[in-house]
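Taking it in order: structure first as structure tokens, then the write-up.
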Amino acid sequence: MINVTIDGIKASVPDGSTILQAAKNVGINIPTLCYHPDQSVKANCRVCVCEVEGNRLLQAACSQPVFEGMVIKTRTPKVIEARKTILELILAHHPQDCLNCIRNENCELQSLAAEYFIRDNPFELKVRGLAKDLSTPSLFRDPNKCVLCRRCIEACSVVQIVNALGLEERGSHAMVVPSLGKDLIDSPCIMCGQCIHACPVGAIGEVEDIDKLLAAIADPETVVVTQIAPAVRLALSEEIGMNTGDLPMEVFVAGLKQIGFDHVLHTNFTADLTILEEGNELLKRLSTGGTLPMFTSCSPGWINFCETFYPDLLDNLSTCKSPQQMFGSLVKTYWADKMGIAPSKIFSVSIMPCVAKKFEASRPEMNASGFRDVDIVLTTREIGRLFRMSGVDFRKLAPQPFSPWMGEYTGAAVIFGATGGVMEAALRTVYEVVMQETLEDVNFTVARGFEGIKEAEVDLNGTVVKVAIAHGLGHARKLMDQVRAGESPYHFIEIMACPGGCVGGGGQPITKANVKRIERLDAIYIEDEAMPVRKSHENVEVKKIYEDFLHEPLGHKSHELLHTHYHAKNKSFL
Amino acid sequence: MAEEMRIVLRNYGKIDPLKIDDYIASGGYNALNKARGMSQADLINEVKASNLRGRGGAGFNCGAKWNFAYQAQADQKYVICNADEGEPGTYKDRLIMEGDPQSLLEGMAICGYAIGATQGFIYCRGEYPSVVKTLNAAIAQAKEKGVLGDFSIEVRMGAGAYVCGEETALIESIEGKRGEPRIKPPFPPVIGLWGKPTIVNNVETFANIPAIVEKGAAWYAGIGTPSYPGTKIVTLTGDVVNKTFFEVPTDTTIREVIFGFGGGILGGKAFKAVQIGGTSGAFIPAANLDTPIGFDAMTAIGAALGSGAVFVLNDTRDIVDVTARIAKFFAHESCGKCAPCREGTMRMHDLMDKINAGQGKAADVALLNKLGRVMSYSCLCGLGQAAPSPVLTTIEHFAADYNAKLA
């Protein structure tokens, strides 16, 4: 332990602590901007500078380790003047359009400007005048707002190892740019949107589709139908002022109905369906010598990643469409038929924790129904905005049920939102299908948790199936490189592009720290635990769709509507 | 008047720099041999006792720095010579490398032995291609002669960024990365090039080493001013009669440099100011001319010895205009990593241009002062910390020149 004095408070702090950590220990919060709890220390914004007795230079609290007897002052006139001046400098080179910024009221720079009551900035406003990058259907970049903290670069190059972002120029011309100065769409970007979470300001955000939804709702001829992805409900709670997970599902449904959705269905239905298709695909590959290990295909960021960086491994990907796209092709065929609604009148909306889903929905091949299978994708954040705009008071809403045929789901579908969830759900079903016996304890806890790579073995009648799970593409790379080298011991690999899985998706409420992702994971398993049915193959509506429409997993109809193929991105510069 | 005293330039103009035999004949590599006969600890103590302080600008005790790298446990350590001589008006390192390259190699090899490194790099300014040729020739000869033993030296060229003279930015550049300073601590003697303990010393520092080892710490410590002993090469530019270089003991005063060695102000004009240490140096008025150039004496008047560049202005010069151009230089050379330097150098340039164009107000001068003060202790590296110095010191000493330009 090291003894320090901070603003007159004597404290003993662990060796290796920074001033920032030491101050936190004694209840002093030092302002930060470039600091990110899960990233390397950058010390480039200098907002956290403090005085250290005996040193003329101010020290960045985020990077400066404490030493024995250190006397630290965190709010002297010198410190306050420095912090204010630095904030003024940053603000004077940043558009002053907070009111119509996507991060208004959720911006670290805005908060700092308020905390340090920046009023009359002595520096003249200068804006870089760079063009917005609107090249992708998923996310945009506004380089004018960038404060050069470099957190997006670390999210992209260290967490995801995609390396789509880098630095160009220097001095006040320095800027973060997609690699080789290209637009995002032509860069290696896989549209996971983790950079959105890393960004402290509004320099990166999701492409918004709320207006398209409002137009559809306003049209009396259009039947607006929505699906809700597994990880949305618990995180949406955060957007509407509740604790993670506290919004009851049926109240969420009621809220959507109040906004004007005609029918609310659930992606969880097709998550259960995915288990039957994908589980049977795995068994088929195992028994017929198909390409192994098989990779899950639910995460569109991961699909983009595989198509971009591992095009030689596309045969390993399950041919199953993601639950979103299975839903899309069924809602305008099976469901339209059941409901007696002309598919041409259906406007298919999906509510996702994801920005890559927007790109996925726009893929040209995603029109198996004869129409655009999914018309628009809204993120959890957009739905939050929509609820706030519509003035929905969830405390006063009576619960409402899902519409029939594609609204039922099991606990196995719920956990799709967590890293390891698809694997666990698949094992619950595959076990019973192969063993022809009831699985008493459905909890495959080895598949749970925030560890980067998890692995497990399941003995199925003498056949040992080895599985692995990775979340965050940096971790996925390790498993992929093993496969590429022909050294993978696994039969089945689950990959989720985002840290934590969909709970940490690029479309979720801005999530700076992994602790939040872990909190959401906990909420998922609580929900699963409370479900009366927790195995996908016991979903009654899923049984019904096989009886009435699909007939069998991997059958002709499934092939037509539920499975797809992949394309190498051929990004030659990689 | 003080006499020139040549230690680092001991062979300059006397030997053929491209003939290692000339160097050896003049006593070259005796020091390295002597060093290798000493224990590493004794050698480091000798350098420490000489009180040689880094000639690159920060003035850290050289032996103490070496000791950190010596103490650090690692399978590989590195010696880097900072030859990225980017300070406008400074060419002392070029003199050494062009005139006596072997003395630099010998100094590096002694350091390598002291800390336990077998690999050295010379990071040479990109604008010095001819120097690179000389260095490579010298290295080849030393290798052929076998004088360096197991110590190898490679030359790496910079690409023109001023910030790469900052030791950690230099290391990043050698590693093939964007030239930007690292956060300190850790310091390079503990974690440096490719994460290994690394000594980065300036050319002039290394060139002092053979003489210190050969003649002893006590001899060296007795030269010049005790807190910063030895000599310093000064390079004179601007409105001075002798626009050339001199190697002088560190107790020489600024007045002696300009009016003695320099021969006074050109064209019989009056002295106005001198900027010492390079572009980031303070502008010093006549009142401080009797300050010795040694590190601490300069610090005491709010200046810095820095690289030893001496840029003299006569009283017809427009010092606001000069300072505005310097501000432009720093706005251009800031790497952009830390906010106060990235934004601050740009604002300084804007404000200086505004004042220089006759559109400034007293509030602009006050803002420059505050901005400069904040930058001087908030920026991540020496570039941003020192960049405001010309602005702050001209405002301090030549306020009338600013006032005359205000709108």
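In the structure tokens, chains take the letters A, B, ... in the order shown, each chain's residues start at 1, and ligands count up from 1 in the order shown.
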I'd like the contact shell of B:Arg36 - 12 Å cut-off, only C-alpha atoms, skipping same-chain residues fewer than 4 positions apart - returned as a short mmCIF file (atom, residue, chain, number, x, y, z; two decimals) with C-alpha atoms, in the first residue's frame.
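Saved result, result.cif, follows:
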data_model
loop_
_atom_site.label_atom_id
_atom_site.label_comp_id
_atom_site.auth_asym_id
_atom_site.auth_seq_id
_atom_site.Cartn_x
_atom_site.Cartn_y
_atom_site.Cartn_z
CA TYR B 29 38.78 3.79 -28.99
CA ASN B 30 41.21 3.95 -26.05
CA ALA B 31 38.24 4.99 -23.95
CA LEU B 32 36.15 2.05 -25.05
CA GLN B 40 29.70 -1.79 -15.51
CA ALA B 41 28.85 -0.26 -12.14
CA ASP B 42 32.20 1.51 -11.88
CA LEU B 43 31.84 2.85 -15.39
CA ILE B 44 28.35 4.18 -14.68
CA GLU B 106 32.60 5.01 -29.43
CA ALA B 109 29.51 1.48 -27.56
CA ILE B 110 30.63 2.58 -24.10
CA CYS B 111 26.99 3.10 -23.16
CA GLY B 112 26.13 -0.30 -24.62
CA TYR B 113 28.74 -1.95 -22.45
CA ALA B 114 27.63 0.00 -19.37
CA ILE B 115 23.98 -0.98 -19.56
CA GLY B 116 24.39 -4.39 -21.20
CA VAL B 147 36.59 -2.07 -32.57
CA LEU B 148 32.95 -2.21 -31.51
CA GLY B 149 33.14 -5.84 -30.45
CA ASP B 150 29.69 -7.35 -30.13
CA VAL B 213 36.17 7.90 -19.63
CA GLU B 214 39.65 8.64 -20.81
#
**Report entry** Shell around A:Leu112 at 12 Å using only C-alpha atoms, local window under 4 positions removed, as a VMD selection string
**Finding:** chain A and resid 30 to 34 47 to 48 83 to 84 86 to 88 90 to 91 105 to 108 116 to 118 200 to 201
**Report entry** B:Asp353 surroundings by only C-alpha atoms, 10 Å radius, close-in-sequence under 5 positions cut, as an NGL selection string
**Finding:** :B and (320-321 or 323-325 or 327-328 or 347-348 or 358-360)
**Report entry** Distance-based interface of chain B with chain A, 8 Å, counting only C-alpha atoms, as number ranges by chain
**Finding:** B: 183-185, 331-347, 367, 371, 374, 376-380
Could you name the residues that touch A:Pro499 at 8 Å or less, counting only C-alpha atoms, but leaving out those on the same chain fewer than 4 positions away, as an mmCIF file with N, CA and C atoms, in the first residue's frame?
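Just written: result.cif:
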data_model
loop_
_atom_site.group_PDB
_atom_site.id
_atom_site.type_symbol
_atom_site.label_atom_id
_atom_site.label_comp_id
_atom_site.auth_asym_id
_atom_site.auth_seq_id
_atom_site.Cartn_x
_atom_site.Cartn_y
_atom_site.Cartn_z
ATOM 1 N N THR A 419 -23.716 -13.792 -24.776
ATOM 2 C CA THR A 419 -22.654 -14.636 -25.330
ATOM 3 C C THR A 419 -22.784 -16.030 -24.725
ATOM 4 N N HIS A 471 -16.852 -14.028 -27.869
ATOM 5 C CA HIS A 471 -17.568 -12.769 -28.085
ATOM 6 C C HIS A 471 -16.536 -11.663 -28.176
ATOM 7 N N GLY A 472 -16.815 -10.696 -29.069
ATOM 8 C CA GLY A 472 -15.786 -9.719 -29.401
ATOM 9 C C GLY A 472 -14.914 -10.366 -30.465
ATOM 10 N N GLY A 504 -24.416 -6.325 -25.466
ATOM 11 C CA GLY A 504 -23.448 -5.250 -25.677
ATOM 12 C C GLY A 504 -23.435 -4.779 -27.117
ATOM 13 N N GLY A 505 -24.512 -5.035 -27.836
ATOM 14 C CA GLY A 505 -24.580 -4.711 -29.259
ATOM 15 C C GLY A 505 -24.449 -3.227 -29.548
ATOM 16 N N ASN A 514 -17.796 -2.424 -19.544
ATOM 17 C CA ASN A 514 -18.229 -3.817 -19.575
ATOM 18 C C ASN A 514 -19.051 -4.207 -18.353
ATOM 19 N N ARG A 517 -22.461 -4.329 -19.367
ATOM 20 C CA ARG A 517 -22.779 -5.504 -20.191
ATOM 21 C C ARG A 517 -23.012 -6.720 -19.293
#
Query raised in the report: Which residues in stretch 520-550 of chain A does DSSP call helix (DSSP H, G or I)? List them as a list in words.
Result: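 Matching residues for helix (DSSP H, G or I) in stretch 520-550 of chain A are Arg520, Leu521, Asp522, Ala523, Ile524, Tyr525, Ile526, Glu527, Asp528, Glu529, Ala530, Ser536, His537, Glu538, Val540, Glu541, Val542, Lys543, Lys544, Ile545, Tyr546, Glu547, Asp548, Phe549 and Leu550 of chain A.
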Query raised in the report: A:Lys396: which residues within 12 Å, counting only C-alpha atoms, same-chain residues fewer than 2 positions away excluded, as a VMD selection string?
Result: chain A and resid 251 to 252 254 to 255 258 391 to 394 398 to 399
How would the residues just picked look written out with N, CA and C atoms as a PDB file, in the first residue's frame?
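Generated file (part-v2.pdb):
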ATOM      1  N   VAL A 251     -45.634  -5.223 -21.004  1.00  0.00           N
ATOM      2  CA  VAL A 251     -45.812  -3.770 -20.935  1.00  0.00           C
ATOM      3  C   VAL A 251     -45.078  -3.101 -22.112  1.00  0.00           C
ATOM      4  N   PHE A 252     -43.938  -3.686 -22.459  1.00  0.00           N
ATOM      5  CA  PHE A 252     -43.207  -3.250 -23.649  1.00  0.00           C
ATOM      6  C   PHE A 252     -44.126  -3.393 -24.876  1.00  0.00           C
ATOM      7  N   ALA A 254     -47.329  -3.429 -24.911  1.00  0.00           N
ATOM      8  CA  ALA A 254     -48.396  -2.431 -24.817  1.00  0.00           C
ATOM      9  C   ALA A 254     -47.896  -1.063 -25.284  1.00  0.00           C
ATOM     10  N   GLY A 255     -46.663  -0.760 -24.921  1.00  0.00           N
ATOM     11  CA  GLY A 255     -46.083   0.516 -25.340  1.00  0.00           C
ATOM     12  C   GLY A 255     -45.979   0.610 -26.851  1.00  0.00           C
ATOM     13  N   GLN A 258     -49.261   1.203 -28.330  1.00  0.00           N
ATOM     14  CA  GLN A 258     -49.710   2.585 -28.137  1.00  0.00           C
ATOM     15  C   GLN A 258     -49.077   3.523 -29.167  1.00  0.00           C
ATOM     16  N   GLY A 391     -44.316  10.070 -25.533  1.00  0.00           N
ATOM     17  CA  GLY A 391     -44.836  10.322 -24.195  1.00  0.00           C
ATOM     18  C   GLY A 391     -45.458   9.102 -23.540  1.00  0.00           C
ATOM     19  N   VAL A 392     -44.931   7.954 -23.827  1.00  0.00           N
ATOM     20  CA  VAL A 392     -45.497   6.732 -23.245  1.00  0.00           C
ATOM     21  C   VAL A 392     -45.092   6.637 -21.769  1.00  0.00           C
ATOM     22  N   ASP A 393     -46.098   6.467 -20.918  1.00  0.00           N
ATOM     23  CA  ASP A 393     -45.822   6.302 -19.485  1.00  0.00           C
ATOM     24  C   ASP A 393     -46.028   4.830 -19.133  1.00  0.00           C
ATOM     25  N   PHE A 394     -44.930   4.118 -19.042  1.00  0.00           N
ATOM     26  CA  PHE A 394     -45.021   2.666 -18.863  1.00  0.00           C
ATOM     27  C   PHE A 394     -45.663   2.267 -17.538  1.00  0.00           C
ATOM     28  N   ALA A 398     -51.360  -1.120 -19.242  1.00  0.00           N
ATOM     29  CA  ALA A 398     -51.749  -2.490 -18.923  1.00  0.00           C
ATOM     30  C   ALA A 398     -51.022  -3.434 -19.876  1.00  0.00           C
ATOM     31  N   PRO A 399     -50.538  -4.553 -19.368  1.00  0.00           N
ATOM     32  CA  PRO A 399     -49.823  -5.503 -20.227  1.00  0.00           C
ATOM     33  C   PRO A 399     -50.681  -5.934 -21.412  1.00  0.00           C
TER      34      PRO A 399
END
Can you pull out the residues contacting B:Asp239? Cut-off 9 Å, using only C-alpha atoms, and skip same-chain residues under 6 positions away; I want them as a short mmCIF file (atom, residue, chain, number, x, y, z; two decimals) with C-alpha atoms, in the first residue's frame.
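Okay, this is what ended up in part_19.cif:
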data_model
loop_
_atom_site.label_atom_id
_atom_site.label_comp_id
_atom_site.auth_asym_id
_atom_site.auth_seq_id
_atom_site.Cartn_x
_atom_site.Cartn_y
_atom_site.Cartn_z
CA GLY B 264 28.66 41.51 -31.78
CA ILE B 265 25.71 42.70 -33.81
CA LEU B 266 26.03 42.86 -37.54
CA GLY B 267 26.12 46.25 -39.26
CA LYS B 269 23.16 47.89 -35.01
CA PHE B 271 21.00 44.25 -29.77
CA PHE B 311 19.45 33.32 -32.65
CA VAL B 312 20.25 37.01 -32.40
CA LEU B 313 17.91 39.87 -33.33
CA ASN B 314 18.93 43.48 -33.79
#
**Report entry** Close residues, B:Phe245 itself excluded, 9 Å, only C-alpha atoms, min 5 positions apart in chain, as a ChimeraX atom specification
**Finding:** /B:91-92,233-236,261-262
Report task. List every residue of stretch 10-251 of chain A that DSSP, applied to the backbone of this structure, assigns to strand (DSSP E), and report them as a ChimeraX atom specification. Result -> /A:10-13,49-52,59-60,70-73,139-141,165-168,175-178,204-206,223-228
Could the residues in this selection be written to a file with N, CA and C atoms, as a tab-separated table (two decimals), in the first residue's frame?
chain	number	residue	atom	x	y	z
A	10	LYS	N	-5.67	12.08	3.93
A	10	LYS	CA	-4.62	11.06	3.91
A	10	LYS	C	-5.24	9.72	3.56
A	11	ALA	N	-4.58	8.99	2.68
A	11	ALA	CA	-5.14	7.71	2.26
A	11	ALA	C	-4.03	6.72	1.97
A	12	SER	N	-4.38	5.46	2.13
A	12	SER	CA	-3.48	4.38	1.78
A	12	SER	C	-4.09	3.66	0.59
A	13	VAL	N	-3.38	3.62	-0.51
A	13	VAL	CA	-3.97	3.04	-1.73
A	13	VAL	C	-3.06	1.94	-2.26
A	49	VAL	N	-5.94	16.66	-15.45
A	49	VAL	CA	-4.68	17.08	-14.82
A	49	VAL	C	-4.88	17.53	-13.37
A	50	CYS	N	-3.87	17.23	-12.56
A	50	CYS	CA	-3.87	17.59	-11.14
A	50	CYS	C	-2.49	18.14	-10.77
A	51	GLU	N	-2.45	18.81	-9.62
A	51	GLU	CA	-1.16	19.27	-9.12
A	51	GLU	C	-0.54	18.20	-8.24
A	52	VAL	N	0.75	18.00	-8.41
A	52	VAL	CA	1.50	17.13	-7.51
A	52	VAL	C	2.58	17.99	-6.88
A	59	GLN	N	0.00	16.83	-13.63
A	59	GLN	CA	0.07	15.42	-14.02
A	59	GLN	C	-1.32	14.92	-14.41
A	60	ALA	N	-1.36	14.12	-15.47
A	60	ALA	CA	-2.64	13.53	-15.88
A	60	ALA	C	-2.99	12.44	-14.86
A	70	MET	N	3.20	11.04	-1.85
A	70	MET	CA	2.72	11.98	-2.88
A	70	MET	C	1.63	12.88	-2.30
A	71	VAL	N	1.76	14.17	-2.58
A	71	VAL	CA	0.73	15.12	-2.16
A	71	VAL	C	0.06	15.65	-3.42
A	72	ILE	N	-1.23	15.33	-3.54
A	72	ILE	CA	-1.97	15.62	-4.77
A	72	ILE	C	-3.04	16.66	-4.47
A	73	LYS	N	-3.17	17.60	-5.37
A	73	LYS	CA	-4.25	18.58	-5.23
A	73	LYS	C	-5.07	18.56	-6.51
A	139	LEU	N	-24.12	2.82	-39.68
A	139	LEU	CA	-23.61	3.88	-38.82
A	139	LEU	C	-23.02	5.02	-39.65
A	140	PHE	N	-23.04	6.21	-39.06
A	140	PHE	CA	-22.45	7.36	-39.74
A	140	PHE	C	-21.27	7.86	-38.91
A	141	ARG	N	-20.43	8.62	-39.54
A	141	ARG	CA	-19.36	9.32	-38.84
A	141	ARG	C	-19.46	10.80	-39.15
A	165	LEU	N	-10.31	1.87	-38.48
A	165	LEU	CA	-10.10	3.28	-38.18
A	165	LEU	C	-8.64	3.56	-37.86
A	166	GLY	N	-8.18	4.70	-38.29
A	166	GLY	CA	-6.81	5.10	-37.99
A	166	GLY	C	-6.70	6.62	-37.97
A	167	LEU	N	-5.48	7.10	-37.82
A	167	LEU	CA	-5.26	8.54	-37.73
A	167	LEU	C	-4.60	9.04	-39.00
A	168	GLU	N	-4.97	10.24	-39.37
A	168	GLU	CA	-4.31	10.90	-40.48
A	168	GLU	C	-3.97	12.32	-40.07
A	175	MET	N	-6.98	13.74	-37.68
A	175	MET	CA	-8.35	13.23	-37.68
A	175	MET	C	-8.37	11.72	-37.72
A	176	VAL	N	-9.46	11.19	-37.20
A	176	VAL	CA	-9.68	9.75	-37.27
A	176	VAL	C	-10.36	9.48	-38.60
A	177	VAL	N	-9.81	8.56	-39.34
A	177	VAL	CA	-10.38	8.24	-40.65
A	177	VAL	C	-10.45	6.73	-40.84
A	178	PRO	N	-11.43	6.27	-41.64
A	178	PRO	CA	-11.40	4.86	-42.03
A	178	PRO	C	-10.11	4.59	-42.80
A	204	ILE	N	-19.77	9.46	-33.94
A	204	ILE	CA	-20.20	8.23	-34.60
A	204	ILE	C	-21.57	7.87	-34.02
A	205	GLY	N	-22.47	7.48	-34.87
A	205	GLY	CA	-23.78	7.11	-34.36
A	205	GLY	C	-24.49	6.19	-35.35
A	206	GLU	N	-25.67	5.72	-34.94
A	206	GLU	CA	-26.43	4.85	-35.83
A	206	GLU	C	-27.19	5.68	-36.86
A	223	VAL	N	-49.89	-2.33	-42.71
A	223	VAL	CA	-49.93	-3.09	-41.46
A	223	VAL	C	-48.51	-3.14	-40.91
A	224	VAL	N	-48.31	-2.43	-39.81
A	224	VAL	CA	-46.96	-2.35	-39.26
A	224	VAL	C	-46.76	-3.48	-38.24
A	225	VAL	N	-45.82	-4.33	-38.55
A	225	VAL	CA	-45.56	-5.51	-37.71
A	225	VAL	C	-44.13	-5.43	-37.22
A	226	THR	N	-43.95	-5.74	-35.98
A	226	THR	CA	-42.57	-5.68	-35.48
A	226	THR	C	-42.15	-6.97	-34.80
A	227	GLN	N	-40.87	-7.20	-34.85
A	227	GLN	CA	-40.24	-8.26	-34.07
A	227	GLN	C	-39.29	-7.59	-33.08
A	228	ILE	N	-39.10	-8.21	-31.93
A	228	ILE	CA	-38.21	-7.66	-30.90
A	228	ILE	C	-37.11	-8.67	-30.61
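Distance-wise, atom CA of A:Leu276 and atom CA of A:Ile495 end up 18.2 Å apart.
Between atom CA of B:Ala161 and atom CA of A:Ser40 lies a distance of 25.4 Å.
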Query raised in the report: For B:Pro292, which of B:Ala270, B:Ile254, B:Leu305, B:Leu368 is the closest residue, counting only C-alpha atoms?
Result: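 Checking each candidate against B:Pro292, we get B:Ile254 as the closest.
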Mind dumping a table of every stretch 143-227 of chain B residue within 8 Å of stretch 56-72 of chain B, with the nearest atom pair and its distance in Å to one decimal, using only C-alpha atoms, sorted by chain and rising number, as CSV?
residue,atom,partner,partner_atom,distance
B:Pro189,CA,B:Ala69,CA,4.5
B:Val190,CA,B:Ala69,CA,5.9
B:Pro197,CA,B:Ala69,CA,5.4
B:Thr198,CA,B:Ala69,CA,6.4
B:Ile199,CA,B:Trp66,CA,6.6
B:Asn201,CA,B:Gly56,CA,7.2
B:Asn202,CA,B:Gly56,CA,5.1
B:Glu204,CA,B:Gly56,CA,7.7
B:Thr205,CA,B:Gly56,CA,7.6
Restricted to C-alpha atoms, what would the selected residues look like written as an mmCIF file, in the first residue's frame?
data_model
loop_
_atom_site.group_PDB
_atom_site.id
_atom_site.type_symbol
_atom_site.label_atom_id
_atom_site.label_comp_id
_atom_site.auth_asym_id
_atom_site.auth_seq_id
_atom_site.Cartn_x
_atom_site.Cartn_y
_atom_site.Cartn_z
ATOM 1 C CA PRO B 189 15.488 3.303 -19.534
ATOM 2 C CA VAL B 190 12.869 0.967 -18.045
ATOM 3 C CA PRO B 197 15.230 -0.881 -21.469
ATOM 4 C CA THR B 198 16.615 1.806 -23.734
ATOM 5 C CA ILE B 199 18.987 4.710 -23.373
ATOM 6 C CA ASN B 201 21.055 10.235 -25.601
ATOM 7 C CA ASN B 202 21.837 13.110 -27.868
ATOM 8 C CA GLU B 204 26.658 15.666 -28.270
ATOM 9 C CA THR B 205 26.139 13.711 -25.062
#
Query - Best match for closeness to A:Phe269 among A:Met406, A:Ile346, A:Ile80, A:Met191, counting only C-alpha atoms - result: A:Met406
Query raised in the report: Suppose you want the space between atom CA of B:Phe330 and atom CA of A:Thr74; what is it in Å?
Result: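 A separation of 29.5 Å between them.
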